[in-house]
Amino acid sequence: MTTIPTGTPRDADQLALAAAAAVAAVIPAADELEAAGAQAGGPDVTALFAGAVVAELGGPAGGVLGLLVADELVSALSSSPIGGLDLAAAVQPALDAAATVLGASVQAARQVDRDAVVPAVLGAGGTDFTVVPLVGDSIAAALLVSRDTLVAHTQASTAPLPSTPTGGATPVAAPVAAAVAAAGAIPGAATAGTPHPLTVPAPGTGGTLGPRRGIEMLNEVDMEVTVELGRTRMTLRELLALSPGHVLELDRAAGSPADLLVNGHLIARGEVVVVDEDFGLRVTEILETPAAS
């Protein structure tokens with residue numbers, strides 16, 4: 001794993017590497033990922049990736065985080081047994097982790113076109129940004145942060161950076177072209193002779209787009225689970241007339257099973273029970289995948 005230098009005050013590249021390491025620990029992936037080295041990015045850095053997400057940072061320093069993900073995760077989300085899952089929601093915890101390292105909060109992530117991620121990260125008047133690839137058996141993702149944002153957050157806090165233990169494959173310094181020889185270089189990234197070479201795992205452990213692992217990548221993705229007793233329709237006038245004590249009649253008979261929905265998709269039905277003074281659901285029927293999707 002990448003060892004993140006500690007010290008006070010914090011260096012901008014160290015801060016980017018620490019934020020990327022936090023992302024690597026949380027982002028859905030079939031393999032253990034590591035932050036492979038902070039380097040200067042360019043407008044074509046998105047070419048190797050299939051999806052892009054951005055999120056605004058809170059606090060006085062502000063800024064925008066960008067996250068690029070490879071086709072492996074995008075495909076796994078789109079082919080989920082319960083229907084297509086939202087990329088932004090799936091990587092929100094990873095962006096939350098990065099923001100924590102920066103000493104900031106982060107707003108809700110949103111998915112954008114790949115061509116829009118660099119302008120969003122740079123903002124008005126920005127020209128330079130840092131990219132940190134996340135590497136396992138493949139180049140799985142990359143964190144993008146503008147240099148202005150890194151400098152602002154470096155100056156805003158002097159807390160020591162977290163450090164990750166060294167382990168696993170031995171990192172070796174190499175330009176991006178060597179890291180992705182089979183997949184092609186990441187366009188717009190720093191190459192040999194530039195101040196920020198990419199650090200990748202030893203040969204044979206990373207750098208090319210590996211086989212898809214599908215649903216196993218999503219094992220740790222948070223899902224919103226809802227139990228629905230029933231529904232009804234009301235006019236705006238009826239809604240405005242609601243008051244304490246008003247009873248709403250639902251479209252389901254007493255004793256009928258409740259619906260279990262995951263991210264809005266119906267996957268099961270069951271009986272409402274009480275567990276230690278809390279409501280629960282005893283599942284009585286699992287729906288077939290076609291019906292759930």
# chains A, B, ... in the order shown; residues from 1 in each chain; ligands from 1

call {"tool": "select_by_dssp", "arguments": {"residues": "stretch 96-169 of chain A", "states": "helix (DSSP H, G or I)", "output": "list in words"}}
result
Asp96, Ala97, Ala98, Ala99, Thr100, Val101, Leu102, Arg114, Asp115, Ala116, Val117, Val118, Pro119, Ala120, Val121, Leu122, Arg147, Asp148, Thr149, Leu150, Val151, Ala152, His153, Thr154, Gln155 and Ala156 of chain A

call {"tool": "closest_atom_pairs", "arguments": {"of": "stretch 39-131 of chain A", "to": "stretch 217-241 of chain A", "cutoff": "9 Å", "atoms": "only C-alpha atoms", "output": "CSV"}}
result
residue,atom,partner,partner_atom,distance
A:Glu72,CA,A:Met217,CA,8.7
A:Leu73,CA,A:Met217,CA,7.1
A:Ala76,CA,A:Met217,CA,7.1
A:Leu77,CA,A:Leu218,CA,7.5
A:Ser80,CA,A:Leu218,CA,8.5
A:Ala89,CA,A:Asp222,CA,8.3
A:Ala90,CA,A:Val221,CA,5.9
A:Val91,CA,A:Val221,CA,8.3
A:Pro93,CA,A:Asp222,CA,8.8
